[in-house]
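S.K.: Sending over a structure as structure tokens; questions will come in a sec.
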Amino acid sequence: MSVTGGDDPLRVIMLGPPGAGKGTQSARIALAYGVPHIATGEIFRHNVSDGTELGQKAKSYMDDGELVPDDIVVAMIRQRLAEADVANGFVLDGFPRTVPQAQSLEELLADIDHPIEVVLRFAIDDDEVVRRISSRRTCVECGATYQAGVRPPKVDATCDRCGNEVVQRDDDTEAVVRHRLEVYHRQTEPLEFFYWQRGLLRDVEAIGTIDDVTERALKVLAEYEDPPLHEPAA
Ligand code: AMP
């Protein structure tokens with residue numbers, strides 16, 4: 001597999017709690033490999049702002065920091081993975097988030113003989129997540145993220161990348177973040193074992209600058225055929 005996007009496709013899942021930097025890193029990895037960045041949270045947010053039926057179904061769960069039901073998410077991802085641009089692979093960001101979602105994905109990809117090749121787990125502790133997310137600001141259009149006070153957009157509340165409005169997401173308040181972390185530990189963390197069992201799990205420390213984390217992630221991807229590091233905590 002080459003970082004310039006050779007013949008080998010890249011099919012990677014980004015696993016980690018909210019605020020671990022998955023969105024930012026996914027965008028960079030997708031760019032490096034020339035594959036689409038598929039972020040289920042972003043797809044939902046676009047559907048909410050466009051007022052679609054899917055958006056209406058998802059909104060109340062999102063506002064409460066709960067997961068959207070598996071059948072809705074899986075139907076959406078099935079549709080997305082049927083599009084032509086995934087032929088050379090994809091970076092999955094925010095999906096799967098439950099074991100049933102991971103099982104559905106496995107079946108879906110087995111049908112087209114394109115299994116997941118690697119799962120990057122972004123490790124970060126809860127207090128750092130709360131600190132990061134409470135100051136996170138997000139572009140309503142392209143999903144680019146900024147940090148109030150630390151890494152703001154160049155022009156106040158305006159996205160550097162696409163010029164649209166930068167806001168605090170409704171679910172990025174401290175109370176909702178704490179709840180999203182609980183949901184993560186309860187419903188998503190079991191995926192670490194699921195993918196470890198399949199020999200796919202690789203660790204990326206999510207601390208340091210954005211460039212540091214990207215460098216670590218790209219290094220892990222370049223070496224992903226090596227054996228997995230260790231068994232995740234139960
Ligand atoms: P995110 O942008 O990944 O933090 O996702 C924002 C919200 O969208 C989550 O808190 C969920 O309500 C919903 N969501 C995104 N992806 C999923 C998923 N795979 N399963 C269930 N809900 C999801």
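Residue numbers start at 1 in each chain; chains themselves are named A, B, ... in the order of the structure tokens; ligands are numbered from 1 in the order shown.
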Quick one: which chain A residues come within 6 Å of ligand 1, and what is the nearest atom pair for each with the distance in Å to one decimal, counting only C-alpha atoms and all ligand atoms, rows ordered by chain and ascending number, as CSV?

M.R.:
residue,atom,partner,partner_atom_place_in_ligand_line,distance
A:Pro18,CA,ligand 1,4 (O),5.6
A:Thr40,CA,ligand 1,16 (N),4.4
A:Gly41,CA,ligand 1,5 (O),3.5
A:Glu42,CA,ligand 1,2 (O),5.7
A:Tyr61,CA,ligand 1,12 (O),5.2
A:Met62,CA,ligand 1,12 (O),3.5
A:Gly65,CA,ligand 1,10 (O),4.7
A:Glu66,CA,ligand 1,12 (O),4.9
A:Leu67,CA,ligand 1,22 (N),3.7
A:Val68,CA,ligand 1,22 (N),3.8
A:Pro69,CA,ligand 1,21 (C),6.0
A:Val73,CA,ligand 1,20 (N),5.7
A:Gly94,CA,ligand 1,3 (O),4.4
A:Phe95,CA,ligand 1,19 (N),3.9
A:Pro96,CA,ligand 1,19 (N),4.8
A:Arg97,CA,ligand 1,19 (N),4.6

S.K.: Compile the contact shell of Gly143 in chain A as number ranges by chain: residues with an atom at most 10 Å away, counting only C-alpha atoms, same-chain residues fewer than 5 positions apart removed.

M.R.: A: 23-24, 27, 39, 41-43, 45-46, 137-138, 159, 161-162, 164, 166

S.K.: How about saving the chosen residues, N, CA, C and O atoms kept, as a short mmCIF file (atom, residue, chain, number, x, y, z; two decimals), in the first residue's frame?

M.R.:
data_model
loop_
_atom_site.label_atom_id
_atom_site.label_comp_id
_atom_site.auth_asym_id
_atom_site.auth_seq_id
_atom_site.Cartn_x
_atom_site.Cartn_y
_atom_site.Cartn_z
N GLY A 23 -12.05 12.98 13.26
CA GLY A 23 -12.53 13.71 12.09
C GLY A 23 -11.38 14.36 11.34
O GLY A 23 -11.22 14.20 10.12
N THR A 24 -10.55 15.08 12.08
CA THR A 24 -9.40 15.77 11.48
C THR A 24 -8.44 14.77 10.85
O THR A 24 -7.99 14.93 9.71
N ALA A 27 -9.82 13.06 7.65
CA ALA A 27 -9.75 13.92 6.46
C ALA A 27 -8.33 13.89 5.88
O ALA A 27 -8.14 13.80 4.66
N ALA A 39 -18.00 10.09 7.08
CA ALA A 39 -18.24 10.41 8.49
C ALA A 39 -19.75 10.38 8.73
O ALA A 39 -20.47 11.26 8.24
N GLY A 41 -21.54 10.98 11.36
CA GLY A 41 -22.05 12.16 12.07
C GLY A 41 -22.27 13.33 11.12
O GLY A 41 -23.28 14.04 11.19
N GLU A 42 -21.31 13.52 10.21
CA GLU A 42 -21.43 14.61 9.21
C GLU A 42 -22.63 14.37 8.29
O GLU A 42 -23.37 15.30 7.96
N ILE A 43 -22.80 13.14 7.86
CA ILE A 43 -23.93 12.83 6.96
C ILE A 43 -25.23 13.14 7.70
O ILE A 43 -26.14 13.77 7.15
N ARG A 45 -25.64 15.26 10.22
CA ARG A 45 -25.80 16.72 10.41
C ARG A 45 -26.26 17.39 9.12
O ARG A 45 -27.11 18.28 9.16
N HIS A 46 -25.77 16.96 7.98
CA HIS A 46 -26.25 17.53 6.72
C HIS A 46 -27.73 17.23 6.51
O HIS A 46 -28.49 18.08 6.06
N ARG A 137 -15.10 23.99 17.88
CA ARG A 137 -16.04 24.70 16.99
C ARG A 137 -15.97 24.00 15.64
O ARG A 137 -14.90 23.58 15.21
N THR A 138 -17.13 23.91 14.96
CA THR A 138 -17.21 23.10 13.74
C THR A 138 -17.86 23.88 12.61
O THR A 138 -18.86 24.59 12.82
N CYS A 159 -15.16 29.61 8.32
CA CYS A 159 -14.29 28.46 8.04
C CYS A 159 -13.14 28.83 7.09
O CYS A 159 -13.38 29.39 6.01
N ARG A 161 -11.44 26.77 5.43
CA ARG A 161 -11.45 25.88 4.27
C ARG A 161 -12.51 26.25 3.25
O ARG A 161 -12.26 26.30 2.06
N CYS A 162 -13.76 26.55 3.73
CA CYS A 162 -14.84 26.74 2.75
C CYS A 162 -15.60 28.05 2.92
O CYS A 162 -16.51 28.33 2.14
N ASN A 164 -17.76 28.97 5.14
CA ASN A 164 -19.07 28.93 5.80
C ASN A 164 -18.94 29.19 7.30
O ASN A 164 -17.83 29.35 7.83
N VAL A 166 -18.79 28.90 11.30
CA VAL A 166 -18.21 27.98 12.28
C VAL A 166 -18.96 28.18 13.60
O VAL A 166 -19.06 29.30 14.10
#

S.K.: From a DSSP calculation on the backbone, collect every residue of range 11-77 of chain A in helix (DSSP H, G or I) and output the set as a compact mmCIF listing (two decimals) with all heavy atoms, in the first residue's frame.

M.R.:
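File result-v9.txt, as written:
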# COMPACT_ATOMS: atom_id res chain seq x y z
N LYS A 22 -10.59 12.11 15.50
CA LYS A 22 -10.85 11.20 14.38
C LYS A 22 -11.23 11.94 13.11
O LYS A 22 -10.80 11.57 12.02
CB LYS A 22 -11.99 10.22 14.71
CG LYS A 22 -11.73 9.29 15.86
CD LYS A 22 -12.84 8.24 15.98
CE LYS A 22 -14.25 8.82 16.10
NZ LYS A 22 -14.48 9.58 17.34
N GLY A 23 -12.05 12.98 13.26
CA GLY A 23 -12.53 13.71 12.09
C GLY A 23 -11.38 14.36 11.34
O GLY A 23 -11.22 14.20 10.12
N THR A 24 -10.55 15.08 12.08
CA THR A 24 -9.40 15.77 11.48
C THR A 24 -8.44 14.77 10.85
O THR A 24 -7.99 14.93 9.71
CB THR A 24 -8.65 16.57 12.58
OG1 THR A 24 -9.59 17.44 13.20
CG2 THR A 24 -7.50 17.36 12.02
N GLN A 25 -8.15 13.72 11.59
CA GLN A 25 -7.18 12.73 11.08
C GLN A 25 -7.76 11.95 9.90
O GLN A 25 -7.05 11.63 8.95
CB GLN A 25 -6.75 11.77 12.21
CG GLN A 25 -6.04 12.47 13.36
CD GLN A 25 -4.78 13.22 12.93
OE1 GLN A 25 -4.12 12.87 11.95
NE2 GLN A 25 -4.44 14.28 13.65
N SER A 26 -9.06 11.68 9.95
CA SER A 26 -9.69 10.95 8.84
C SER A 26 -9.56 11.76 7.55
O SER A 26 -9.25 11.21 6.48
CB SER A 26 -11.19 10.74 9.10
OG SER A 26 -11.39 9.94 10.21
N ALA A 27 -9.82 13.06 7.65
CA ALA A 27 -9.75 13.92 6.46
C ALA A 27 -8.33 13.89 5.88
O ALA A 27 -8.14 13.80 4.66
CB ALA A 27 -10.15 15.34 6.82
N ARG A 28 -7.34 13.92 6.76
CA ARG A 28 -5.95 13.94 6.29
C ARG A 28 -5.54 12.59 5.67
O ARG A 28 -4.87 12.55 4.63
CB ARG A 28 -5.02 14.27 7.45
CG ARG A 28 -5.14 15.72 7.86
CD ARG A 28 -4.29 16.00 9.07
NE ARG A 28 -3.94 17.41 9.12
CZ ARG A 28 -2.78 17.87 9.58
NH1 ARG A 28 -1.87 17.05 10.04
NH2 ARG A 28 -2.54 19.16 9.60
N ILE A 29 -5.97 11.52 6.29
CA ILE A 29 -5.63 10.19 5.76
C ILE A 29 -6.33 9.96 4.42
O ILE A 29 -5.74 9.46 3.46
CB ILE A 29 -5.99 9.09 6.79
CG1 ILE A 29 -5.06 9.20 7.99
CG2 ILE A 29 -5.92 7.70 6.17
CD1 ILE A 29 -5.46 8.34 9.17
N ALA A 30 -7.59 10.38 4.37
CA ALA A 30 -8.36 10.21 3.13
C ALA A 30 -7.67 10.96 1.98
O ALA A 30 -7.56 10.45 0.87
CB ALA A 30 -9.79 10.71 3.34
N LEU A 31 -7.19 12.16 2.30
CA LEU A 31 -6.51 12.96 1.29
C LEU A 31 -5.20 12.28 0.85
O LEU A 31 -4.90 12.16 -0.34
CB LEU A 31 -6.22 14.34 1.88
CG LEU A 31 -5.79 15.43 0.93
CD1 LEU A 31 -6.95 15.79 0.01
CD2 LEU A 31 -5.35 16.68 1.72
N ALA A 32 -4.46 11.79 1.85
CA ALA A 32 -3.16 11.17 1.55
C ALA A 32 -3.34 9.94 0.66
O ALA A 32 -2.51 9.67 -0.21
CB ALA A 32 -2.45 10.78 2.85
N TYR A 33 -4.41 9.20 0.86
CA TYR A 33 -4.62 7.96 0.10
C TYR A 33 -5.56 8.14 -1.09
O TYR A 33 -5.80 7.19 -1.84
CB TYR A 33 -5.16 6.86 1.02
CG TYR A 33 -4.08 6.21 1.85
CD1 TYR A 33 -3.75 6.72 3.11
CD2 TYR A 33 -3.39 5.11 1.38
CE1 TYR A 33 -2.77 6.12 3.88
CE2 TYR A 33 -2.39 4.52 2.13
CZ TYR A 33 -2.09 5.03 3.39
OH TYR A 33 -1.11 4.44 4.13
N THR A 40 -20.21 9.38 9.46
CA THR A 40 -21.67 9.24 9.64
C THR A 40 -22.27 10.45 10.37
O THR A 40 -23.37 10.88 10.03
CB THR A 40 -22.02 7.91 10.35
OG1 THR A 40 -21.12 7.71 11.43
CG2 THR A 40 -21.95 6.75 9.41
N GLY A 41 -21.54 10.98 11.36
CA GLY A 41 -22.05 12.16 12.07
C GLY A 41 -22.27 13.33 11.12
O GLY A 41 -23.28 14.04 11.19
N GLU A 42 -21.31 13.52 10.21
CA GLU A 42 -21.43 14.61 9.21
C GLU A 42 -22.63 14.37 8.29
O GLU A 42 -23.37 15.30 7.96
CB GLU A 42 -20.17 14.64 8.33
CG GLU A 42 -19.01 15.41 8.90
CD GLU A 42 -19.37 16.86 9.16
OE1 GLU A 42 -19.73 17.57 8.21
OE2 GLU A 42 -19.31 17.26 10.33
N ILE A 43 -22.80 13.14 7.86
CA ILE A 43 -23.93 12.83 6.96
C ILE A 43 -25.23 13.14 7.70
O ILE A 43 -26.14 13.77 7.15
CB ILE A 43 -23.89 11.36 6.48
CG1 ILE A 43 -22.59 11.08 5.74
CG2 ILE A 43 -25.08 11.05 5.58
CD1 ILE A 43 -22.40 9.62 5.28
N PHE A 44 -25.31 12.74 8.97
CA PHE A 44 -26.52 13.04 9.74
C PHE A 44 -26.72 14.55 9.89
O PHE A 44 -27.83 15.05 9.72
CB PHE A 44 -26.47 12.39 11.13
CG PHE A 44 -26.79 10.93 11.13
CD1 PHE A 44 -25.98 10.01 11.77
CD2 PHE A 44 -27.94 10.45 10.50
CE1 PHE A 44 -26.28 8.66 11.77
CE2 PHE A 44 -28.26 9.10 10.49
CZ PHE A 44 -27.43 8.20 11.13
N ARG A 45 -25.64 15.26 10.22
CA ARG A 45 -25.80 16.72 10.41
C ARG A 45 -26.26 17.39 9.12
O ARG A 45 -27.11 18.28 9.16
CB ARG A 45 -24.48 17.35 10.90
CG ARG A 45 -24.30 17.22 12.42
CD ARG A 45 -23.09 17.99 12.94
NE ARG A 45 -21.84 17.39 12.55
CZ ARG A 45 -21.31 16.30 13.11
NH1 ARG A 45 -21.91 15.71 14.11
NH2 ARG A 45 -20.15 15.82 12.69
N HIS A 46 -25.77 16.96 7.98
CA HIS A 46 -26.25 17.53 6.72
C HIS A 46 -27.73 17.23 6.51
O HIS A 46 -28.49 18.08 6.06
CB HIS A 46 -25.44 17.01 5.53
CG HIS A 46 -24.16 17.77 5.35
ND1 HIS A 46 -22.94 17.17 5.23
CD2 HIS A 46 -23.91 19.09 5.30
CE1 HIS A 46 -21.99 18.08 5.11
NE2 HIS A 46 -22.56 19.27 5.16
N ASN A 47 -28.12 16.02 6.86
CA ASN A 47 -29.53 15.65 6.71
C ASN A 47 -30.42 16.44 7.66
O ASN A 47 -31.54 16.81 7.31
CB ASN A 47 -29.72 14.15 6.91
CG ASN A 47 -29.44 13.38 5.62
OD1 ASN A 47 -30.32 13.24 4.77
ND2 ASN A 47 -28.21 12.92 5.47
N VAL A 48 -29.91 16.71 8.86
CA VAL A 48 -30.69 17.52 9.81
C VAL A 48 -30.83 18.93 9.25
O VAL A 48 -31.93 19.49 9.19
CB VAL A 48 -30.01 17.55 11.21
CG1 VAL A 48 -30.66 18.60 12.10
CG2 VAL A 48 -30.08 16.17 11.86
N SER A 49 -29.72 19.52 8.78
CA SER A 49 -29.85 20.91 8.31
C SER A 49 -30.64 21.00 7.01
O SER A 49 -31.30 22.01 6.75
CB SER A 49 -28.50 21.60 8.22
OG SER A 49 -27.70 20.94 7.29
N ASP A 50 -30.67 19.92 6.23
CA ASP A 50 -31.49 19.93 5.00
C ASP A 50 -32.94 19.53 5.28
O ASP A 50 -33.77 19.53 4.35
CB ASP A 50 -30.91 18.95 3.96
CG ASP A 50 -29.57 19.44 3.41
OD1 ASP A 50 -29.22 20.60 3.68
OD2 ASP A 50 -28.88 18.64 2.75
N GLU A 53 -35.99 13.38 5.71
CA GLU A 53 -36.65 12.41 6.58
C GLU A 53 -35.62 11.73 7.49
O GLU A 53 -35.85 11.55 8.70
CB GLU A 53 -37.35 11.37 5.70
CG GLU A 53 -38.41 10.58 6.41
CD GLU A 53 -38.98 9.48 5.52
OE1 GLU A 53 -39.06 9.70 4.29
OE2 GLU A 53 -39.32 8.43 6.07
N LEU A 54 -34.47 11.40 6.91
CA LEU A 54 -33.39 10.78 7.70
C LEU A 54 -32.95 11.73 8.82
O LEU A 54 -32.77 11.32 9.97
CB LEU A 54 -32.21 10.46 6.78
CG LEU A 54 -30.98 9.84 7.43
CD1 LEU A 54 -31.30 8.47 8.00
CD2 LEU A 54 -29.84 9.73 6.42
N GLY A 55 -32.80 13.00 8.48
CA GLY A 55 -32.41 14.00 9.47
C GLY A 55 -33.43 14.11 10.59
O GLY A 55 -33.07 14.21 11.77
N GLN A 56 -34.70 14.07 10.24
CA GLN A 56 -35.75 14.17 11.26
C GLN A 56 -35.71 12.97 12.19
O GLN A 56 -35.92 13.09 13.39
CB GLN A 56 -37.12 14.29 10.60
CG GLN A 56 -37.39 15.71 10.08
CD GLN A 56 -38.53 15.76 9.09
OE1 GLN A 56 -39.37 14.85 9.06
NE2 GLN A 56 -38.58 16.80 8.29
N LYS A 57 -35.42 11.80 11.62
CA LYS A 57 -35.34 10.60 12.45
C LYS A 57 -34.15 10.66 13.41
O LYS A 57 -34.21 10.17 14.52
CB LYS A 57 -35.16 9.35 11.56
CG LYS A 57 -36.42 8.87 10.88
CD LYS A 57 -36.12 7.54 10.19
CE LYS A 57 -37.19 7.19 9.18
NZ LYS A 57 -36.68 6.27 8.14
N ALA A 58 -33.04 11.25 12.94
CA ALA A 58 -31.80 11.20 13.71
C ALA A 58 -31.68 12.31 14.76
O ALA A 58 -31.01 12.14 15.77
CB ALA A 58 -30.61 11.29 12.75
N LYS A 59 -32.36 13.43 14.53
CA LYS A 59 -32.07 14.65 15.30
C LYS A 59 -32.19 14.49 16.82
O LYS A 59 -31.30 14.89 17.56
CB LYS A 59 -32.97 15.79 14.81
CG LYS A 59 -32.62 17.11 15.49
CD LYS A 59 -33.37 18.27 14.89
CE LYS A 59 -32.97 19.62 15.45
NZ LYS A 59 -32.44 19.68 16.79
N SER A 60 -33.28 13.90 17.29
CA SER A 60 -33.47 13.86 18.74
C SER A 60 -32.40 13.00 19.41
O SER A 60 -31.91 13.32 20.50
CB SER A 60 -34.87 13.36 19.08
OG SER A 60 -35.01 12.04 18.62
N TYR A 61 -31.99 11.92 18.76
CA TYR A 61 -30.92 11.08 19.34
C TYR A 61 -29.64 11.90 19.41
O TYR A 61 -28.92 11.87 20.41
CB TYR A 61 -30.67 9.85 18.47
CG TYR A 61 -31.86 8.92 18.36
CD1 TYR A 61 -32.67 8.93 17.22
CD2 TYR A 61 -32.18 8.05 19.39
CE1 TYR A 61 -33.75 8.08 17.12
CE2 TYR A 61 -33.27 7.20 19.30
CZ TYR A 61 -34.05 7.22 18.15
OH TYR A 61 -35.13 6.39 18.05
N MET A 62 -29.34 12.61 18.34
CA MET A 62 -28.10 13.38 18.29
C MET A 62 -28.09 14.46 19.36
O MET A 62 -27.11 14.65 20.07
CB MET A 62 -27.91 14.00 16.91
CG MET A 62 -27.73 12.96 15.83
SD MET A 62 -27.76 13.67 14.19
CE MET A 62 -26.13 14.41 14.12
N ASP A 63 -29.19 15.18 19.49
CA ASP A 63 -29.26 16.26 20.47
C ASP A 63 -29.03 15.74 21.89
O ASP A 63 -28.48 16.43 22.73
CB ASP A 63 -30.62 16.96 20.41
CG ASP A 63 -30.73 17.83 19.16
OD1 ASP A 63 -29.69 18.07 18.52
OD2 ASP A 63 -31.86 18.27 18.83
N ASP A 70 -29.42 1.35 15.17
CA ASP A 70 -28.57 0.63 14.21
C ASP A 70 -29.19 0.49 12.82
O ASP A 70 -28.50 0.66 11.81
CB ASP A 70 -28.26 -0.79 14.75
CG ASP A 70 -27.31 -0.76 15.94
OD1 ASP A 70 -26.60 0.25 16.12
OD2 ASP A 70 -27.29 -1.75 16.69
N ASP A 71 -30.50 0.17 12.75
CA ASP A 71 -31.08 -0.09 11.43
C ASP A 71 -31.02 1.15 10.54
O ASP A 71 -30.75 1.06 9.34
CB ASP A 71 -32.52 -0.64 11.55
CG ASP A 71 -33.43 0.27 12.35
OD1 ASP A 71 -32.91 1.08 13.16
OD2 ASP A 71 -34.66 0.21 12.16
N ILE A 72 -31.20 2.32 11.15
CA ILE A 72 -31.15 3.57 10.37
C ILE A 72 -29.73 3.82 9.86
O ILE A 72 -29.50 4.14 8.69
CB ILE A 72 -31.62 4.77 11.24
CG1 ILE A 72 -33.07 4.57 11.68
CG2 ILE A 72 -31.44 6.10 10.51
CD1 ILE A 72 -33.59 5.66 12.61
N VAL A 73 -28.76 3.65 10.76
CA VAL A 73 -27.36 3.92 10.39
C VAL A 73 -26.87 2.92 9.35
O VAL A 73 -26.21 3.30 8.37
CB VAL A 73 -26.43 3.84 11.63
CG1 VAL A 73 -25.06 4.39 11.30
CG2 VAL A 73 -27.01 4.58 12.81
N VAL A 74 -27.23 1.66 9.54
CA VAL A 74 -26.74 0.63 8.62
C VAL A 74 -27.34 0.84 7.22
O VAL A 74 -26.64 0.72 6.21
CB VAL A 74 -27.04 -0.79 9.17
CG1 VAL A 74 -26.79 -1.85 8.11
CG2 VAL A 74 -26.19 -1.06 10.41
N ALA A 75 -28.62 1.21 7.17
CA ALA A 75 -29.24 1.46 5.86
C ALA A 75 -28.52 2.61 5.15
O ALA A 75 -28.25 2.56 3.95
CB ALA A 75 -30.73 1.78 6.04
N MET A 76 -28.18 3.63 5.94
CA MET A 76 -27.50 4.79 5.35
C MET A 76 -26.11 4.40 4.83
O MET A 76 -25.71 4.78 3.73
CB MET A 76 -27.39 5.87 6.42
CG MET A 76 -26.68 7.10 5.98
SD MET A 76 -26.71 8.31 7.29
CE MET A 76 -25.20 7.92 8.15
N ILE A 77 -25.39 3.61 5.61
CA ILE A 77 -24.03 3.26 5.21
C ILE A 77 -24.05 2.29 4.03
O ILE A 77 -23.18 2.34 3.14
CB ILE A 77 -23.21 2.70 6.41
CG1 ILE A 77 -21.75 3.10 6.28
CG2 ILE A 77 -23.28 1.22 6.55
CD1 ILE A 77 -21.43 4.47 6.68

S.K.: Under the rule that only C-alpha atoms are counted, which of A:Arg136, A:Arg11, A:Arg202, A:Arg121 is the nearest residue to Val86 in chain A?

M.R.: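 Closest to Val86 in chain A of all the choices is A:Arg11.
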
S.K.: Any idea what the distance is between CA of Tyr195 in chain A and CA of Gln103 in chain A?

M.R.: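 One can read the CA of Tyr195 in chain A to CA of Gln103 in chain A distance as 10.6 Å.
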
S.K.: Counting only C-alpha atoms, figure out which residue out of A:Pro36, A:Arg186, A:Met14, A:Asp172 gets nearest to Leu200 in chain A.

M.R.: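 Closest to Leu200 in chain A of all the choices is A:Met14.
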
S.K.: Calculate how many Å separate CA of Gly21 in chain A from CA of Asp64 in chain A, rounding to one decimal.

M.R.: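 Separation between CA of Gly21 in chain A and CA of Asp64 in chain A: 21.1 Å.
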
S.K.: Rounded to one decimal place, report the CA of His114 in chain A-CA of Gly89 in chain A distance in Å.

M.R.: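 Computing the Euclidean distance for CA of His114 in chain A and CA of Gly89 in chain A yields 8.6 Å.
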
S.K.: Just checking: using only C-alpha atoms, which residue out of A:Ala175, A:Leu10, A:Ile210, A:Val130 ends up closest to Tyr146 in chain A?

M.R.: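 Using only C-alpha atoms, Tyr146 in chain A sits closest to A:Ile210.
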
S.K.: Excluding Leu120 in chain A and its own-chain neighbours fewer than 5 positions away, which residues fall within 10 Å of it when counting only C-alpha atoms? Please give them as a list in words.

M.R.: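 Those residues are Val12, Ile13, Met14, Leu15, Gly16, Lys22, Glu192, Tyr195, Leu200, Leu201, Arg202, Asp203, Val204, Glu205, Ala217, Val220, Leu221 and Tyr224 of chain A.
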
S.K.: Grab the residues selected above and save them as a PDB file, in the first residue's frame with C-alpha atoms.

M.R.:
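For reference, again_7.pdb as written:
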ATOM      1  CA  VAL A  12      -9.838   1.684   7.388  1.00  0.00           C
ATOM      2  CA  ILE A  13     -12.039   2.287  10.429  1.00  0.00           C
ATOM      3  CA  MET A  14     -11.222   5.102  12.825  1.00  0.00           C
ATOM      4  CA  LEU A  15     -12.139   4.113  16.371  1.00  0.00           C
ATOM      5  CA  GLY A  16     -11.983   6.312  19.442  1.00  0.00           C
ATOM      6  CA  LYS A  22     -10.846  11.196  14.384  1.00  0.00           C
ATOM      7  CA  GLU A 192     -11.960  -2.871  20.342  1.00  0.00           C
ATOM      8  CA  TYR A 195     -11.510  -6.020  15.926  1.00  0.00           C
ATOM      9  CA  LEU A 200      -7.103  -5.661  12.793  1.00  0.00           C
ATOM     10  CA  LEU A 201      -6.683  -3.303  15.761  1.00  0.00           C
ATOM     11  CA  ARG A 202      -3.765  -0.849  15.831  1.00  0.00           C
ATOM     12  CA  ASP A 203      -3.132   1.895  18.399  1.00  0.00           C
ATOM     13  CA  VAL A 204      -2.448   5.531  17.628  1.00  0.00           C
ATOM     14  CA  GLU A 205      -1.757   7.847  20.551  1.00  0.00           C
ATOM     15  CA  ALA A 217      -1.347   7.292  11.996  1.00  0.00           C
ATOM     16  CA  VAL A 220       0.871   2.685  11.476  1.00  0.00           C
ATOM     17  CA  LEU A 221      -0.996   2.423   8.170  1.00  0.00           C
ATOM     18  CA  TYR A 224      -0.299  -2.376   9.164  1.00  0.00           C
TER      19      TYR A 224
END

S.K.: Got a sec: who's within 9 Å of Gly19 in chain A, counting only C-alpha atoms, leaving out chain neighbours fewer than 6 positions off, as a list in words?

M.R.: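 That gives Ile124, Glu128, Val129, Val130, Arg131, Arg132, Ile133 and Arg136 of chain A.
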
S.K.: Please dump the current selection as a short mmCIF file (atom, residue, chain, number, x, y, z; two decimals), in the first residue's frame; keep N, CA and C atoms.

M.R.:
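See out37.cif below for the written result:
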data_model
loop_
_atom_site.label_atom_id
_atom_site.label_comp_id
_atom_site.auth_asym_id
_atom_site.auth_seq_id
_atom_site.Cartn_x
_atom_site.Cartn_y
_atom_site.Cartn_z
N ILE A 124 -7.13 8.30 24.12
CA ILE A 124 -7.12 9.61 24.80
C ILE A 124 -7.98 9.48 26.06
N GLU A 128 -9.39 14.84 29.00
CA GLU A 128 -8.86 15.55 27.83
C GLU A 128 -9.97 15.71 26.77
N VAL A 129 -10.80 14.68 26.63
CA VAL A 129 -11.92 14.75 25.68
C VAL A 129 -12.85 15.91 26.05
N VAL A 130 -13.21 15.98 27.33
CA VAL A 130 -14.14 17.02 27.77
C VAL A 130 -13.52 18.40 27.53
N ARG A 131 -12.24 18.52 27.87
CA ARG A 131 -11.55 19.81 27.68
C ARG A 131 -11.56 20.19 26.19
N ARG A 132 -11.21 19.23 25.34
CA ARG A 132 -11.14 19.53 23.90
C ARG A 132 -12.51 19.85 23.31
N ILE A 133 -13.49 19.02 23.66
CA ILE A 133 -14.78 19.17 22.98
C ILE A 133 -15.51 20.42 23.42
N ARG A 136 -14.42 22.97 21.21
CA ARG A 136 -14.42 22.66 19.77
C ARG A 136 -15.47 23.51 19.03
#

S.K.: Give me every strand (DSSP E or B) residue in range 3-93 of chain A, going by DSSP on the backbone, as a list in words.

M.R.: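 Result set for range 3-93 of chain A (strand (DSSP E or B)): Leu10, Arg11, Val12, Ile13, Met14, Leu15, His37, Ile38, Ala39, Gly89, Phe90, Val91, Leu92 and Asp93 of chain A.
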
S.K.: Under the rule that only C-alpha atoms are counted, which of A:Ala102, A:Ala82, A:Val140, A:Leu218 is the nearest residue to Gln168 in chain A?

M.R.: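 Between A:Ala102, A:Ala82, A:Val140, A:Leu218, the residue approaching Gln168 in chain A most closely is A:Val140.
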
S.K.: Quick one: of A:Leu92, A:Leu108, A:Val118, A:Ala87, who's nearest to Pro9 in chain A, counting only C-alpha atoms?

M.R.: A:Ala87
